[in-house]
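Listing of entry.cif, mmCIF, C-alpha atoms
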data_coords
loop_
_atom_site.label_atom_id
_atom_site.label_comp_id
_atom_site.auth_asym_id
_atom_site.auth_seq_id
_atom_site.Cartn_x
_atom_site.Cartn_y
_atom_site.Cartn_z
CA MET A 63 0.00 0.00 0.00
CA LEU A 64 1.24 3.47 -0.91
CA SER A 65 1.56 6.19 1.66
CA GLY A 66 2.70 9.78 1.90
CA ARG A 67 4.33 11.29 -1.15
CA ALA A 68 3.92 8.18 -3.29
CA LEU A 69 0.18 8.11 -2.63
CA ALA A 70 -0.13 11.81 -3.46
CA LEU A 71 1.73 11.29 -6.74
CA ALA A 72 -0.46 8.29 -7.62
CA VAL A 73 -3.66 10.26 -6.96
CA LEU A 74 -2.33 13.19 -8.99
CA ALA A 75 -1.33 10.91 -11.89
CA TRP A 76 -4.75 9.20 -11.84
CA SER A 77 -6.53 12.57 -11.88
CA LEU A 78 -4.39 13.77 -14.77
CA LEU A 79 -5.14 10.61 -16.73
CA LYS A 80 -8.90 10.99 -16.13
CA VAL A 81 -8.85 14.63 -17.29
CA ALA A 82 -6.84 13.79 -20.41
CA VAL A 83 -9.15 10.92 -21.39
CA ARG A 84 -12.26 13.00 -20.68
CA ARG A 85 -10.98 15.82 -22.91
CA LEU A 86 -10.25 13.41 -25.76
CA PHE A 87 -13.67 11.78 -25.79
CA ASP A 88 -16.04 14.31 -24.24
CA ASP A 89 -17.99 16.61 -26.56
CA GLY A 90 -19.60 18.45 -23.62
CA PRO A 91 -19.49 22.17 -23.12
CA SER A 92 -16.22 23.97 -22.54
CA GLY A 93 -15.02 27.52 -22.26
CA LEU A 94 -17.76 30.14 -21.98
CA ALA A 95 -20.55 27.57 -22.43
CA LEU A 96 -19.20 25.56 -19.47
CA PHE A 97 -18.84 28.74 -17.42
CA ARG A 98 -22.46 29.67 -18.13
CA GLU A 99 -23.63 26.15 -17.33
CA ASN A 100 -21.85 26.30 -13.97
CA TYR A 101 -22.58 29.88 -12.90
CA ASP A 102 -25.69 31.29 -14.63
CA ALA A 103 -27.93 29.97 -11.87
CA ASP A 104 -25.79 31.88 -9.35
CA GLY A 105 -26.18 35.12 -11.29
CA LEU A 106 -22.46 35.30 -11.99
CA PRO A 107 -22.00 36.58 -15.54
CA PRO A 108 -18.76 36.21 -17.47
CA LEU A 109 -16.51 39.24 -17.83
CA SER A 110 -15.04 40.54 -21.05
CA PRO A 111 -11.28 41.20 -21.17
CA ALA A 112 -11.98 44.95 -20.91
CA GLU A 113 -14.15 44.42 -17.82
CA ARG A 114 -11.47 42.28 -16.19
CA ALA A 115 -8.92 45.01 -16.90
CA ALA A 116 -11.20 47.62 -15.28
CA LEU A 117 -11.77 45.71 -12.03
CA PRO A 118 -8.50 46.86 -10.38
CA ARG A 119 -9.54 50.51 -10.92
CA PHE A 120 -12.92 49.79 -9.30
CA SER A 121 -11.29 48.22 -6.26
CA ARG A 122 -9.07 51.19 -5.37
CA CYS A 123 -11.52 52.14 -2.61
CA ILE A 124 -9.88 52.36 0.83
CA ALA A 125 -13.23 52.83 2.65
CA CYS A 126 -12.40 56.37 3.77
CA GLY A 127 -16.08 57.38 3.61
CA ARG A 128 -15.54 60.68 1.76
CA CYS A 129 -17.97 59.63 -0.96
CA ASP A 130 -20.71 59.17 1.64
CA LEU A 131 -20.54 62.80 2.79
CA GLY A 132 -23.75 64.55 1.80
CA GLU A 133 -25.58 61.32 0.95
CA ALA A 134 -27.96 61.23 3.93
CA GLU A 135 -30.94 62.56 1.98
CA ARG A 136 -30.50 60.04 -0.86
CA ILE A 137 -30.00 57.22 1.64
CA ALA A 138 -33.21 58.14 3.47
CA ALA A 139 -35.17 58.57 0.22
CA SER A 140 -34.09 55.13 -1.01
CA LYS A 141 -35.93 53.41 1.84
CA GLY A 142 -33.08 50.92 2.30
CA ALA A 143 -32.14 50.33 -1.35
CA TYR A 144 -29.12 52.65 -1.13
CA ARG A 145 -26.86 52.63 1.92
CA GLY A 146 -24.23 54.99 0.65
CA LEU A 147 -21.80 55.09 -2.23
CA MET A 148 -18.89 53.59 -0.30
CA THR A 149 -20.93 50.47 0.48
CA VAL A 150 -21.95 50.09 -3.18
CA VAL A 151 -18.38 50.56 -4.38
CA LEU A 152 -16.96 48.06 -1.91
CA ALA A 153 -19.62 45.46 -2.63
CA SER A 154 -19.37 45.96 -6.40
CA SER A 155 -15.60 45.82 -6.64
CA ARG A 156 -14.53 43.18 -4.14
CA SER A 157 -16.57 40.27 -5.47
CA MET A 158 -19.25 39.69 -8.05
CA PRO A 159 -22.28 41.33 -6.47
CA ASP A 160 -25.98 41.00 -6.95
CA PHE A 161 -25.94 43.37 -9.91
CA ASP A 162 -29.68 44.08 -9.71
CA ALA A 163 -29.36 45.24 -6.10
CA ALA A 164 -26.25 47.30 -6.86
CA ALA A 165 -27.91 48.91 -9.89
CA LEU A 166 -31.00 49.63 -7.81
CA ALA A 167 -28.82 51.39 -5.22
CA LEU A 168 -26.98 53.36 -7.91
CA ALA A 169 -30.31 54.50 -9.38
CA HIS A 170 -30.49 56.89 -6.42
CA VAL A 171 -27.25 58.63 -7.37
CA PRO A 172 -27.30 61.00 -10.38
CA GLU A 173 -24.37 60.99 -12.81
CA GLU A 174 -23.31 64.51 -11.79
CA VAL A 175 -23.01 63.35 -8.17
CA LEU A 176 -20.88 60.41 -9.28
CA ALA A 177 -18.64 62.84 -11.19
CA GLU A 178 -18.36 65.06 -8.09
CA LYS A 179 -17.45 62.03 -5.94
CA GLU A 180 -14.72 61.09 -8.44
CA ARG A 181 -13.11 64.50 -7.87
CA ILE A 182 -13.01 64.11 -4.08
CA CYS A 183 -11.99 60.44 -3.97
CA PRO A 184 -8.39 60.23 -2.69
CA THR A 185 -7.71 57.03 -4.64
CA GLY A 186 -9.44 57.99 -7.90
CA VAL A 187 -12.22 55.39 -7.99
CA PRO A 188 -14.02 55.85 -11.34
CA PHE A 189 -17.56 55.95 -9.91
CA ARG A 190 -19.28 56.62 -13.26
CA GLU A 191 -17.42 53.80 -14.98
CA LEU A 192 -18.21 51.44 -12.10
CA ALA A 193 -21.89 52.45 -12.21
CA GLY A 194 -21.97 51.79 -15.96
CA PHE A 195 -20.40 48.36 -15.43
CA VAL A 196 -22.91 47.44 -12.72
CA ARG A 197 -25.90 48.67 -14.75
CA ALA A 198 -24.74 46.80 -17.87
CA LYS A 199 -24.34 43.57 -15.91
CA ALA A 200 -27.79 44.01 -14.32
CA ARG A 201 -29.33 44.47 -17.79
CA ALA A 202 -27.43 41.47 -19.14
CA GLN A 203 -28.68 39.25 -16.33
CA ALA A 204 -32.27 40.32 -16.88
CA ALA A 205 -32.28 39.95 -20.67
CA PRO A 206 -32.35 36.51 -22.26
CA SER A 207 -29.35 35.97 -24.49
CA ALA A 208 -29.15 34.20 -27.83
CA ASP A 209 -27.99 30.98 -26.16
CA GLY A 210 -30.93 30.99 -23.75
CA ALA A 211 -28.99 32.31 -20.76
CA GLY A 212 -30.51 35.02 -18.62
CA SER A 213 -33.67 34.91 -16.64
CA GLY A 214 -35.99 36.57 -19.10
CA GLU A 215 -37.87 37.94 -16.09
CA PRO A 216 -37.91 41.64 -15.33
CA SER A 217 -35.20 42.58 -12.91
CA ALA A 218 -35.90 44.20 -9.57
CA LEU A 219 -34.38 47.38 -11.00
CA ALA A 220 -36.86 47.46 -13.87
CA LEU A 221 -39.78 46.84 -11.55
CA VAL A 222 -38.77 49.58 -9.14
CA ALA A 223 -37.99 52.01 -11.96
CA ALA A 224 -41.48 51.47 -13.32
CA VAL A 225 -43.04 52.27 -9.95
CA THR A 226 -40.98 55.17 -8.64
CA SER A 227 -38.56 57.81 -9.80
CA PRO A 228 -35.62 58.41 -7.43
CA ALA A 229 -35.29 62.00 -8.67
CA ALA A 230 -38.90 62.69 -7.66
CA ASP A 231 -38.23 61.32 -4.19
CA LEU A 232 -35.40 63.83 -3.76
CA ASP A 233 -37.50 66.88 -4.61
CA PRO A 234 -37.17 69.16 -1.57
CA SER A 235 -40.67 70.56 -2.16
CA SER A 236 -42.19 67.10 -1.67
CA ALA A 237 -44.85 67.05 1.04
CA ASP A 238 -43.28 64.13 2.91
CA ARG A 239 -39.96 66.01 3.01
CA ALA A 240 -41.38 69.09 4.72
CA ALA A 241 -39.44 70.09 7.79
CA PRO A 242 -41.22 69.45 11.06
CA GLU A 243 -42.56 72.54 12.71
CA ALA A 244 -40.94 73.66 15.93
CA THR A 245 -42.93 72.90 19.05
#
Translate the structure of the given file into structure tokens.
Amino acid sequence: MLSGRALALAVLAWSLLKVAVRRLFDDGPSGLALFRENYDADGLPPLSPAERAALPRFSRCIACGRCDLGEAERIAASKGAYRGLMTVVLASSRSMPDFDAAALALAHVPEEVLAEKERICPTGVPFRELAGFVRAKARAQAAPSADGAGSGEPSALALVAAVTSPAADLDPSSADRAAPEAT
């Protein structure tokens, strides 16, 4: 009976042989088709080479919180969908997020605010580019693709966008935003 290093080498050799034989005779999916088969149900879309190259720029965030300054009104108006830009950036750049939820949160932040946050970010996180990436991935997950991937169901973002407009919620003249009277 083998033990130690010899056993490890035997197991490794057997695994290599199985993989080689499987590749010679298996006509199953490989590459992107295999990726989709394994990860579409998890909502993990493939990334293009350009998207992979952009990820290091998205993950420059050092969690300093400067981008959350002045966001209290948008956070309150979102009713829990948006918890601040720093949270969205960290969640969207450290791992593959729930793109629908991230896009829903970003729907509460206008492009001009994202541009302003880019100017004050000490590490130069490209907020607008990150938002575009997240929104594109959310749309791609919601839309059925030519190979049948995608849910085909409306995303949470589309449903919420049809019901409410974040810009309307931020209107300071809104009745529910009126300042309480002093007592």
For a cut-off of 9 Å around (-26.7, 46.2, -5.7), file coordinates, pick out all residues using only C-alpha atoms and list them as an MDAnalysis selection string.
chainID A and resid 143:144 150 153:154 159:168 196 200
With distances taken over all atoms listed in the file, which of A:Glu135, A:Glu191, A:Glu173, A:Glu113 is nearest to Val151 of chain A?
A:Glu191
Between atom CA of Cys123 of chain A and atom CA of Val171 of chain A, what is the distance in Å, rounded to a tenth?
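Atom CA of Val171 of chain A lies 17.7 Å from atom CA of Cys123 of chain A.
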Considering only C-alpha atoms, can you say which of A:Ser140, A:Ser77, A:Asn100, A:Ser155 comes closest to Ala116 of chain A?
A:Ser155
Selected residue of minimal separation from Asp104 of chain A among A:Ile124, A:Gly146, A:Arg181, A:Gln203, counting all atoms listed in the file
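Once distances to Asp104 of chain A are computed over all atoms listed in the file, the minimum belongs to A:Gln203.
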What gap, in Å, lies between atom CA of Pro184 of chain A and atom CA of Ser110 of chain A?
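Between these atoms lies a distance of 27.7 Å.
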Please, what distance in Å, to one decimal, runs between atom CA of Glu174 of chain A and atom CA of Ala139 of chain A?
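Interatomic distance, atom CA of Glu174 of chain A to atom CA of Ala139 of chain A: 17.9 Å.
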Nearest to Arg197 of chain A, chosen from A:Ala75, A:Asp88, A:Lys80, A:Ala169, with all atoms listed in the file counted in the distances:
A:Ala169
Selection dump of the PyMOL selection byres ((chain A and resi 94) around 12), as a VMD selection string
chain A and resid 90 to 93 95 to 102 107 to 110 209 211
Could you tell me which residues the PyMOL selection byres ((chain A and resi 179) around 10) grabs in this file, written as a PyMOL selection string?
chain A and resi 128-131+147+173-178+180-184+186-190
Will you model N, CA, C and O atoms for segment 86-111 of chain A and pass it back as a tab-separated table (two decimals), in the frame of the given file?
chain	number	residue	atom	x	y	z
A	86	LEU	N	-10.33	14.05	-24.44
A	86	LEU	CA	-10.25	13.41	-25.76
A	86	LEU	C	-11.60	12.94	-26.26
A	86	LEU	O	-11.90	13.03	-27.45
A	87	PHE	N	-12.44	12.43	-25.36
A	87	PHE	CA	-13.67	11.78	-25.79
A	87	PHE	C	-14.95	12.52	-25.40
A	87	PHE	O	-16.04	12.08	-25.77
A	88	ASP	N	-14.85	13.60	-24.70
A	88	ASP	CA	-16.04	14.31	-24.24
A	88	ASP	C	-16.35	15.47	-25.17
A	88	ASP	O	-15.51	16.33	-25.41
A	89	ASP	N	-17.57	15.50	-25.70
A	89	ASP	CA	-17.99	16.61	-26.56
A	89	ASP	C	-18.84	17.61	-25.78
A	89	ASP	O	-19.53	18.43	-26.37
A	90	GLY	N	-18.80	17.57	-24.46
A	90	GLY	CA	-19.60	18.45	-23.62
A	90	GLY	C	-19.13	19.89	-23.73
A	90	GLY	O	-18.17	20.22	-24.43
A	91	PRO	N	-19.83	20.74	-23.04
A	91	PRO	CA	-19.49	22.17	-23.12
A	91	PRO	C	-18.11	22.46	-22.53
A	91	PRO	O	-17.63	21.76	-21.65
A	92	SER	N	-17.51	23.50	-23.07
A	92	SER	CA	-16.22	23.97	-22.54
A	92	SER	C	-16.18	25.48	-22.71
A	92	SER	O	-17.05	26.08	-23.32
A	93	GLY	N	-15.19	26.08	-22.14
A	93	GLY	CA	-15.02	27.52	-22.26
A	93	GLY	C	-16.19	28.29	-21.68
A	93	GLY	O	-16.67	28.01	-20.59
A	94	LEU	N	-16.67	29.28	-22.43
A	94	LEU	CA	-17.76	30.14	-21.98
A	94	LEU	C	-19.05	29.36	-21.75
A	94	LEU	O	-19.78	29.62	-20.79
A	95	ALA	N	-19.33	28.38	-22.60
A	95	ALA	CA	-20.55	27.57	-22.43
A	95	ALA	C	-20.50	26.81	-21.11
A	95	ALA	O	-21.51	26.74	-20.39
A	96	LEU	N	-19.35	26.27	-20.75
A	96	LEU	CA	-19.20	25.56	-19.47
A	96	LEU	C	-19.32	26.54	-18.30
A	96	LEU	O	-19.96	26.23	-17.29
A	97	PHE	N	-18.72	27.71	-18.46
A	97	PHE	CA	-18.84	28.74	-17.42
A	97	PHE	C	-20.30	29.07	-17.18
A	97	PHE	O	-20.77	29.11	-16.04
A	98	ARG	N	-21.04	29.33	-18.26
A	98	ARG	CA	-22.46	29.67	-18.13
A	98	ARG	C	-23.25	28.52	-17.50
A	98	ARG	O	-24.11	28.75	-16.66
A	99	GLU	N	-22.94	27.30	-17.89
A	99	GLU	CA	-23.63	26.15	-17.33
A	99	GLU	C	-23.41	26.07	-15.81
A	99	GLU	O	-24.31	25.75	-15.05
A	100	ASN	N	-22.19	26.39	-15.39
A	100	ASN	CA	-21.85	26.30	-13.97
A	100	ASN	C	-22.34	27.48	-13.15
A	100	ASN	O	-22.66	27.32	-11.97
A	101	TYR	N	-22.37	28.69	-13.72
A	101	TYR	CA	-22.58	29.88	-12.90
A	101	TYR	C	-23.79	30.74	-13.23
A	101	TYR	O	-24.10	31.66	-12.48
A	102	ASP	N	-24.51	30.48	-14.31
A	102	ASP	CA	-25.69	31.29	-14.63
A	102	ASP	C	-26.73	31.24	-13.52
A	102	ASP	O	-27.34	32.26	-13.19
A	103	ALA	N	-26.93	30.09	-12.94
A	103	ALA	CA	-27.93	29.97	-11.87
A	103	ALA	C	-27.55	30.80	-10.65
A	103	ALA	O	-28.42	31.23	-9.89
A	104	ASP	N	-26.26	31.06	-10.48
A	104	ASP	CA	-25.79	31.88	-9.35
A	104	ASP	C	-25.81	33.36	-9.67
A	104	ASP	O	-25.48	34.18	-8.81
A	105	GLY	N	-26.16	33.71	-10.90
A	105	GLY	CA	-26.18	35.12	-11.29
A	105	GLY	C	-24.79	35.69	-11.48
A	105	GLY	O	-24.58	36.89	-11.35
A	106	LEU	N	-23.83	34.86	-11.79
A	106	LEU	CA	-22.46	35.30	-11.99
A	106	LEU	C	-22.15	35.32	-13.48
A	106	LEU	O	-21.88	34.29	-14.08
A	107	PRO	N	-22.22	36.50	-14.10
A	107	PRO	CA	-22.00	36.58	-15.54
A	107	PRO	C	-20.50	36.57	-15.87
A	107	PRO	O	-19.68	36.97	-15.05
A	108	PRO	N	-20.16	36.14	-17.07
A	108	PRO	CA	-18.76	36.21	-17.47
A	108	PRO	C	-18.34	37.66	-17.70
A	108	PRO	O	-19.17	38.54	-17.93
A	109	LEU	N	-17.05	37.90	-17.61
A	109	LEU	CA	-16.51	39.24	-17.83
A	109	LEU	C	-15.73	39.26	-19.13
A	109	LEU	O	-15.03	38.31	-19.45
A	110	SER	N	-15.84	40.36	-19.84
A	110	SER	CA	-15.04	40.54	-21.05
A	110	SER	C	-13.61	40.90	-20.62
A	110	SER	O	-13.38	41.30	-19.48
A	111	PRO	N	-12.64	40.79	-21.52
A	111	PRO	CA	-11.28	41.20	-21.17
A	111	PRO	C	-11.20	42.66	-20.71
A	111	PRO	O	-10.47	42.97	-19.77
